[in-house]
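J.: Sending over a structure as structure tokens; questions will come in a sec.
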Amino acid sequence: MKALFRILIISSFLGIIFYYSNIEEQNVPLEGPNAVQQAIPSEQYINDYNEALSRPETGISTMIGQPSEIVLENYGEPNRIDRSAFGYEWWVYNRDATIMFGIEQGQITQVYTNAENIDVSPYYIGQSVEDVYRMTIVDAEVSVAIDENVFIFTMSEDDTKNRLLAKFDTIYAQLYIDEERGILAGIRYMNGKTLVQHQPYEMQFTGELVEKQTPSSFLQFELNRTMAKQLFELTNVYRQKYDLEPLLTFNELNTTAMAHSEDMFLQNYMSHESPTYGSLQQRLKDSNIVYEKANENVAMAYYDAIEAVHGLLNSPNHRETMLNDEYTHVGTGVYYNYYTQIFLKQVVQEESETE
């Protein structure tokens, strides 16, 4: 009897160690394209010389510049409205398809979708990258003219492979390519002002720079939570697109992920190992989170959650973690432009909920 009791004690002890220590090999933190980019004023006059494609006559791009009432007429009331760091609001729709409209002063300034049932003419979601290149004017430099100001965006080699910028008269399209599958995974149409505010590529300019205002601390707190929610939702959208179960989440896991993003920002580092709070294993233990398997994606220097998700999807190791069918839960945290995703398998939780 005593021998049996000792076996049970040892088994329980080993079980506790297993639940708190089965951390998979950590992915190298991912640094986005906005890490070192700065707007560079040009000493010489820059011409708005780019050849542009004709603006589509059908599809969601035709809504750019239209009043926001057009969105309500076509899609009804949004699931929610998120504020942004750039002055516009995101009207988020995720009932039958994921589509997001940027609205500023009652006008549609941009639209993003990754849904196959949305008309994104002249392209379509799932289109082969060969077809995309065939029908696009691919130029490493794309110009934007706003009044007397001219901005030139220069794409890197990686950008031309997975984050192509195309010009359609007065609107622009960012084409998000899934490199592994070789298809168009998402698209963002926008006006020139929004593109310049985002500054997603290396940029030179003549004239005056279009700058965004620095958010107040109260607004930044809201923006952090908003982008974390978008990161969570977009991660699940791609899991479902690739025939995987959506992940669940719960408050303690999100709080742990957010705390790591905040710590990286405040202490100016990017790593899975916190100088203050330790490894992922230690951080989960300190939060009393029990798990069978865990892993973490860490990224920085993406200007919003859309860019971050597509960057992670095109990084093989981070993609493998995001699309791992063993994971059941994910916690997301965003602090300014530091992103954390904590993935878990078989969480012991009385109530788990999608948010």
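Just so we're on the same page: first chain in the structure tokens is A, next is B, and so on; residues restart at 1 for each chain, and ligands are numbered from 1 in the order they show up.
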Please provide as a PDB file with N, CA, C and O atoms, in the first residue's frame all residues within 6 Å of region 220-225 of chain A, with the sequence filter that same-chain residues fewer than 3 positions apart are discarded (counting only C-alpha atoms).
T.:
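Dumped to around_22.pdb:
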ATOM      1  N   PRO A 215      -0.753  59.221 -30.370  1.00  0.00           N
ATOM      2  CA  PRO A 215      -1.942  58.967 -29.542  1.00  0.00           C
ATOM      3  C   PRO A 215      -1.682  59.309 -28.076  1.00  0.00           C
ATOM      4  O   PRO A 215      -0.556  59.190 -27.578  1.00  0.00           O
ATOM      5  N   SER A 217      -1.971  58.605 -24.032  1.00  0.00           N
ATOM      6  CA  SER A 217      -1.753  57.353 -23.313  1.00  0.00           C
ATOM      7  C   SER A 217      -3.058  56.573 -23.169  1.00  0.00           C
ATOM      8  O   SER A 217      -3.067  55.338 -23.238  1.00  0.00           O
ATOM      9  N   ALA A 228      -4.664  43.656 -30.371  1.00  0.00           N
ATOM     10  CA  ALA A 228      -4.577  42.287 -29.851  1.00  0.00           C
ATOM     11  C   ALA A 228      -5.807  41.483 -30.267  1.00  0.00           C
ATOM     12  O   ALA A 228      -5.699  40.308 -30.643  1.00  0.00           O
ATOM     13  N   VAL A 334      -0.533  43.030 -27.724  1.00  0.00           N
ATOM     14  CA  VAL A 334       0.138  44.024 -28.557  1.00  0.00           C
ATOM     15  C   VAL A 334       0.363  45.274 -27.720  1.00  0.00           C
ATOM     16  O   VAL A 334      -0.561  45.762 -27.056  1.00  0.00           O
ATOM     17  N   TYR A 335       1.593  45.766 -27.729  1.00  0.00           N
ATOM     18  CA  TYR A 335       1.922  47.004 -27.022  1.00  0.00           C
ATOM     19  C   TYR A 335       2.722  47.860 -27.987  1.00  0.00           C
ATOM     20  O   TYR A 335       3.834  47.518 -28.342  1.00  0.00           O
TER      21      TYR A 335
END
J.: As a ChimeraX atom specification, please: every residue in region 58-252 of chain A that DSSP puts in strand (DSSP E).
T.: /A:80-83,89-93,99-104,107-113,141-146,149-154,163-168,171-178,183-191,202-206
J.: Can you list, as a list of chain:residue names, every protein, DNA or RNA residue that comes within 6 Å of Gly333 (chain A) when you count only C-alpha atoms, leaving out same-chain residues fewer than 4 positions away?
T.: A:Ala228, A:Ala257, A:Met258, A:Tyr339, A:Thr340
J.: In Å, with one decimal, what is the gap from CA of Ser42 (chain A) to CA of Asn162 (chain A)?
T.: 27.5 Å
J.: Quick one: residues within 9 Å of region 194-197 of chain A, only C-alpha atoms counted, chain neighbours fewer than 2 positions away excluded, as a compact mmCIF listing (two decimals) with all heavy atoms, in the first residue's frame?
T.:
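Just written: result-v4.txt:
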# COMPACT_ATOMS: atom_id res chain seq x y z
N PHE A 86 -4.07 56.14 -36.67
CA PHE A 86 -3.89 56.98 -37.84
C PHE A 86 -5.06 57.94 -38.09
O PHE A 86 -5.13 58.56 -39.15
CB PHE A 86 -3.68 56.10 -39.08
CG PHE A 86 -2.48 55.20 -38.97
CD1 PHE A 86 -2.63 53.89 -38.52
CD2 PHE A 86 -1.22 55.66 -39.28
CE1 PHE A 86 -1.52 53.06 -38.41
CE2 PHE A 86 -0.11 54.83 -39.18
CZ PHE A 86 -0.26 53.53 -38.73
N THR A 109 -11.63 55.35 -46.50
CA THR A 109 -10.25 55.62 -46.90
C THR A 109 -9.49 54.35 -47.27
O THR A 109 -8.48 54.42 -47.97
CB THR A 109 -9.49 56.33 -45.76
OG1 THR A 109 -9.44 55.46 -44.61
CG2 THR A 109 -10.17 57.64 -45.39
N GLN A 110 -9.96 53.20 -46.80
CA GLN A 110 -9.30 51.93 -47.13
C GLN A 110 -10.25 50.78 -46.84
O GLN A 110 -11.25 50.94 -46.13
CB GLN A 110 -8.01 51.74 -46.33
CG GLN A 110 -8.23 51.56 -44.84
CD GLN A 110 -6.94 51.32 -44.08
OE1 GLN A 110 -6.16 50.44 -44.43
NE2 GLN A 110 -6.71 52.13 -43.06
N VAL A 144 3.34 58.52 -55.09
CA VAL A 144 2.06 59.05 -54.61
C VAL A 144 2.16 60.57 -54.65
O VAL A 144 3.11 61.14 -54.10
CB VAL A 144 1.76 58.59 -53.17
CG1 VAL A 144 0.45 59.19 -52.69
CG2 VAL A 144 1.73 57.07 -53.07
N PHE A 151 5.62 61.48 -52.99
CA PHE A 151 6.22 60.46 -52.14
C PHE A 151 6.57 59.26 -53.01
O PHE A 151 5.76 58.84 -53.84
CB PHE A 151 5.25 60.06 -51.03
CG PHE A 151 4.74 61.21 -50.22
CD1 PHE A 151 3.63 61.93 -50.65
CD2 PHE A 151 5.39 61.59 -49.06
CE1 PHE A 151 3.17 63.01 -49.92
CE2 PHE A 151 4.93 62.67 -48.32
CZ PHE A 151 3.81 63.38 -48.74
N PHE A 153 7.72 55.29 -52.80
CA PHE A 153 7.90 54.09 -51.98
C PHE A 153 8.76 53.10 -52.75
O PHE A 153 8.51 52.83 -53.92
CB PHE A 153 6.55 53.46 -51.65
CG PHE A 153 5.72 54.28 -50.71
CD1 PHE A 153 4.75 55.14 -51.20
CD2 PHE A 153 5.93 54.21 -49.35
CE1 PHE A 153 3.99 55.91 -50.34
CE2 PHE A 153 5.18 54.98 -48.47
CZ PHE A 153 4.20 55.83 -48.97
N TYR A 172 -4.45 52.75 -54.24
CA TYR A 172 -3.31 51.83 -54.18
C TYR A 172 -3.76 50.53 -53.54
O TYR A 172 -4.69 50.50 -52.72
CB TYR A 172 -2.17 52.47 -53.38
CG TYR A 172 -1.74 53.79 -53.99
CD1 TYR A 172 -2.45 54.96 -53.72
CD2 TYR A 172 -0.66 53.84 -54.87
CE1 TYR A 172 -2.08 56.16 -54.31
CE2 TYR A 172 -0.29 55.04 -55.46
CZ TYR A 172 -1.01 56.19 -55.19
OH TYR A 172 -0.65 57.37 -55.79
N MET A 190 -6.46 51.39 -50.64
CA MET A 190 -6.46 52.62 -49.83
C MET A 190 -6.20 53.83 -50.72
O MET A 190 -5.72 53.69 -51.86
CB MET A 190 -5.40 52.53 -48.73
CG MET A 190 -3.97 52.66 -49.20
SD MET A 190 -2.77 51.87 -48.11
CE MET A 190 -2.76 50.22 -48.83
N ASN A 191 -6.46 55.00 -50.17
CA ASN A 191 -6.11 56.23 -50.87
C ASN A 191 -4.66 56.59 -50.58
O ASN A 191 -4.00 55.98 -49.72
CB ASN A 191 -7.07 57.38 -50.52
CG ASN A 191 -7.05 57.74 -49.03
OD1 ASN A 191 -6.11 57.44 -48.30
ND2 ASN A 191 -8.12 58.38 -48.57
N GLY A 192 -4.14 57.60 -51.29
CA GLY A 192 -2.74 57.96 -51.15
C GLY A 192 -2.38 58.46 -49.77
O GLY A 192 -1.30 58.15 -49.25
N GLN A 199 3.17 54.37 -44.20
CA GLN A 199 4.58 54.26 -44.60
C GLN A 199 5.08 52.82 -44.47
O GLN A 199 6.00 52.52 -43.72
CB GLN A 199 5.46 55.20 -43.77
CG GLN A 199 6.82 55.47 -44.36
CD GLN A 199 7.70 56.31 -43.47
OE1 GLN A 199 7.22 57.28 -42.87
NE2 GLN A 199 8.96 55.96 -43.34
N PRO A 200 4.49 51.90 -45.23
CA PRO A 200 4.84 50.48 -45.09
C PRO A 200 6.13 50.07 -45.77
O PRO A 200 6.60 48.96 -45.58
CB PRO A 200 3.64 49.77 -45.72
CG PRO A 200 3.13 50.73 -46.73
CD PRO A 200 3.40 52.10 -46.19
N MET A 203 10.62 55.16 -47.86
CA MET A 203 9.95 56.28 -48.52
C MET A 203 10.84 57.51 -48.62
O MET A 203 11.49 57.91 -47.65
CB MET A 203 8.67 56.65 -47.77
CG MET A 203 7.83 57.72 -48.44
SD MET A 203 6.31 58.08 -47.52
CE MET A 203 6.94 59.17 -46.22
N LEU A 209 5.69 66.37 -45.29
CA LEU A 209 5.38 65.00 -44.90
C LEU A 209 4.00 64.95 -44.24
O LEU A 209 3.68 65.78 -43.39
CB LEU A 209 6.45 64.47 -43.94
CG LEU A 209 6.31 63.01 -43.48
CD1 LEU A 209 6.44 62.06 -44.66
CD2 LEU A 209 7.36 62.70 -42.42
N VAL A 210 3.21 63.98 -44.64
CA VAL A 210 1.92 63.73 -43.98
C VAL A 210 2.21 62.91 -42.74
O VAL A 210 2.62 61.76 -42.83
CB VAL A 210 0.95 62.99 -44.91
CG1 VAL A 210 -0.37 62.73 -44.19
CG2 VAL A 210 0.72 63.79 -46.19
N GLU A 211 1.99 63.48 -41.59
CA GLU A 211 2.34 62.79 -40.34
C GLU A 211 1.09 62.50 -39.52
O GLU A 211 0.11 63.24 -39.56
CB GLU A 211 3.32 63.64 -39.52
CG GLU A 211 4.67 63.85 -40.18
CD GLU A 211 5.63 64.62 -39.29
OE1 GLU A 211 5.16 65.19 -38.28
OE2 GLU A 211 6.82 64.66 -39.61
N LYS A 212 1.13 61.41 -38.79
CA LYS A 212 0.03 61.09 -37.86
C LYS A 212 0.35 61.65 -36.49
O LYS A 212 1.50 61.81 -36.10
CB LYS A 212 -0.17 59.59 -37.78
CG LYS A 212 0.95 58.81 -37.12
CD LYS A 212 0.64 57.32 -37.12
CE LYS A 212 1.73 56.52 -36.41
NZ LYS A 212 1.69 56.72 -34.95
J.: When you look at Glu77 (chain A) with a cut-off of 12 Å (counting only C-alpha atoms), what residues show up, excluding the ones that are within fewer than 5 positions of it in the same chain? I need them as JSON, numbers by chain.
T.: {"A": [68, 69, 70, 71, 72, 91, 92, 93, 94, 95, 101]}
J.: Please identify all polymer residues within 8 Å of Phe232 (chain A), counting only C-alpha atoms, omitting same-chain residues fewer than 2 positions from it, and present them as a PDB file with N, CA and C atoms, in the first residue's frame.
T.:
ATOM      1  N   ALA A 228      -4.664  43.656 -30.371  1.00  0.00           N
ATOM      2  CA  ALA A 228      -4.577  42.287 -29.851  1.00  0.00           C
ATOM      3  C   ALA A 228      -5.807  41.483 -30.267  1.00  0.00           C
ATOM      4  N   LYS A 229      -6.981  42.107 -30.213  1.00  0.00           N
ATOM      5  CA  LYS A 229      -8.206  41.422 -30.624  1.00  0.00           C
ATOM      6  C   LYS A 229      -8.165  41.116 -32.117  1.00  0.00           C
ATOM      7  N   GLN A 230      -7.701  42.084 -32.929  1.00  0.00           N
ATOM      8  CA  GLN A 230      -7.596  41.848 -34.374  1.00  0.00           C
ATOM      9  C   GLN A 230      -6.586  40.741 -34.675  1.00  0.00           C
ATOM     10  N   LEU A 234      -7.712  37.481 -36.750  1.00  0.00           N
ATOM     11  CA  LEU A 234      -7.093  37.181 -38.043  1.00  0.00           C
ATOM     12  C   LEU A 234      -6.328  35.859 -38.001  1.00  0.00           C
ATOM     13  N   THR A 235      -5.729  35.546 -36.864  1.00  0.00           N
ATOM     14  CA  THR A 235      -5.066  34.247 -36.715  1.00  0.00           C
ATOM     15  C   THR A 235      -6.071  33.121 -36.914  1.00  0.00           C
ATOM     16  N   ASN A 236      -7.235  33.258 -36.302  1.00  0.00           N
ATOM     17  CA  ASN A 236      -8.266  32.223 -36.444  1.00  0.00           C
ATOM     18  C   ASN A 236      -8.848  32.178 -37.847  1.00  0.00           C
ATOM     19  N   VAL A 330      -4.907  30.339 -27.718  1.00  0.00           N
ATOM     20  CA  VAL A 330      -3.882  31.336 -27.992  1.00  0.00           C
ATOM     21  C   VAL A 330      -4.191  32.587 -27.163  1.00  0.00           C
ATOM     22  N   GLY A 331      -3.127  33.180 -26.632  1.00  0.00           N
ATOM     23  CA  GLY A 331      -3.236  34.473 -25.983  1.00  0.00           C
ATOM     24  C   GLY A 331      -2.507  35.494 -26.833  1.00  0.00           C
ATOM     25  N   THR A 332      -3.088  36.669 -27.030  1.00  0.00           N
ATOM     26  CA  THR A 332      -2.464  37.689 -27.868  1.00  0.00           C
ATOM     27  C   THR A 332      -2.273  38.971 -27.076  1.00  0.00           C
TER      28      THR A 332
END
J.: Between A:Gln282, A:Ser61, A:Asn337, A:Asn79, which is the closest to Lys167 (chain A) once you count only C-alpha atoms?
T.: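 The closest residue to Lys167 (chain A) is A:Ser61.
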J.: Hey, which of A:Val298, A:Leu253, A:Ala140, A:Ile306 ends up closest to Thr113 (chain A)? Count only C-alpha atoms.
T.: A:Ile306
J.: Env of region 310-326 of chain A: 10 Å cut, atoms = only C-alpha atoms, seq-sep filter 5 positions within chain, self excluded. Answer as a PDB file with C-alpha atoms, in the first residue's frame.
T.:
ATOM      1  CA  GLU A  24       8.545  23.662 -27.796  1.00  0.00           C
ATOM      2  CA  GLN A  26      11.240  28.813 -29.563  1.00  0.00           C
ATOM      3  CA  ASN A  27      11.014  30.621 -32.894  1.00  0.00           C
ATOM      4  CA  VAL A  28      13.514  33.398 -33.563  1.00  0.00           C
ATOM      5  CA  PRO A  29      11.705  36.724 -32.941  1.00  0.00           C
ATOM      6  CA  LEU A  30      10.454  38.278 -36.165  1.00  0.00           C
ATOM      7  CA  GLU A  31      11.436  41.841 -37.023  1.00  0.00           C
ATOM      8  CA  GLY A  32       9.035  43.547 -39.401  1.00  0.00           C
ATOM      9  CA  PRO A  33       9.742  45.949 -42.250  1.00  0.00           C
ATOM     10  CA  ASN A 162       4.846  38.749 -50.551  1.00  0.00           C
ATOM     11  CA  ARG A 163       3.690  42.363 -50.028  1.00  0.00           C
ATOM     12  CA  TYR A 176      -0.561  40.083 -49.474  1.00  0.00           C
ATOM     13  CA  ILE A 177       0.866  36.882 -50.940  1.00  0.00           C
ATOM     14  CA  ASP A 178       1.005  33.545 -49.157  1.00  0.00           C
ATOM     15  CA  GLU A 179       4.451  32.466 -50.369  1.00  0.00           C
ATOM     16  CA  GLU A 180       4.098  28.840 -49.299  1.00  0.00           C
ATOM     17  CA  ARG A 181       0.882  28.325 -51.237  1.00  0.00           C
ATOM     18  CA  ALA A 185      -4.124  35.658 -49.368  1.00  0.00           C
ATOM     19  CA  GLY A 186      -5.410  39.170 -48.660  1.00  0.00           C
ATOM     20  CA  LEU A 234      -7.093  37.181 -38.043  1.00  0.00           C
ATOM     21  CA  THR A 235      -5.066  34.247 -36.715  1.00  0.00           C
ATOM     22  CA  ASN A 236      -8.266  32.223 -36.444  1.00  0.00           C
ATOM     23  CA  TYR A 238      -6.348  31.816 -41.444  1.00  0.00           C
ATOM     24  CA  ARG A 239      -6.575  28.656 -39.373  1.00  0.00           C
ATOM     25  CA  GLN A 240     -10.127  28.167 -40.618  1.00  0.00           C
ATOM     26  CA  TYR A 242      -6.581  26.195 -43.961  1.00  0.00           C
ATOM     27  CA  ASP A 243      -9.115  23.734 -42.479  1.00  0.00           C
ATOM     28  CA  LEU A 244      -7.976  23.982 -38.850  1.00  0.00           C
ATOM     29  CA  GLU A 245     -10.081  24.458 -35.742  1.00  0.00           C
ATOM     30  CA  PRO A 246     -10.203  28.033 -34.413  1.00  0.00           C
ATOM     31  CA  LEU A 247      -8.306  28.654 -31.202  1.00  0.00           C
ATOM     32  CA  LYS A 293       2.446  22.013 -24.720  1.00  0.00           C
ATOM     33  CA  ALA A 294       3.269  25.666 -25.365  1.00  0.00           C
ATOM     34  CA  ASN A 295       5.030  27.902 -27.858  1.00  0.00           C
ATOM     35  CA  GLU A 296       5.283  31.599 -28.538  1.00  0.00           C
ATOM     36  CA  ASN A 297       5.528  33.929 -31.521  1.00  0.00           C
ATOM     37  CA  VAL A 298       7.162  37.308 -30.952  1.00  0.00           C
ATOM     38  CA  ALA A 299       7.323  40.077 -33.538  1.00  0.00           C
ATOM     39  CA  TYR A 302       4.550  46.107 -37.978  1.00  0.00           C
ATOM     40  CA  ALA A 305      -2.263  43.632 -36.894  1.00  0.00           C
ATOM     41  CA  GLN A 341       1.177  35.183 -29.400  1.00  0.00           C
ATOM     42  CA  ILE A 342       1.232  32.383 -26.802  1.00  0.00           C
ATOM     43  CA  PHE A 343      -0.083  29.035 -28.089  1.00  0.00           C
ATOM     44  CA  LEU A 344      -1.171  26.244 -25.747  1.00  0.00           C
ATOM     45  CA  LYS A 345      -2.422  22.683 -26.036  1.00  0.00           C
ATOM     46  CA  GLN A 346      -5.081  21.222 -23.719  1.00  0.00           C
TER      47      GLN A 346
END
J.: What are the DSSP alpha helix (DSSP H) residues of region 121-341 of chain A, as a PyMOL selection string?
T.: chain A and resi 129-134+157-162+192-198+217-241+251-267+280-286+305-313+316-322
J.: So which one's closest to Glu141 (chain A), A:Thr98, A:Gln204, A:Thr256, A:Ser121? Using only C-alpha atoms, please.
T.: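 Comparing A:Thr98, A:Gln204, A:Thr256, A:Ser121 against Glu141 (chain A), the winner is A:Gln204.
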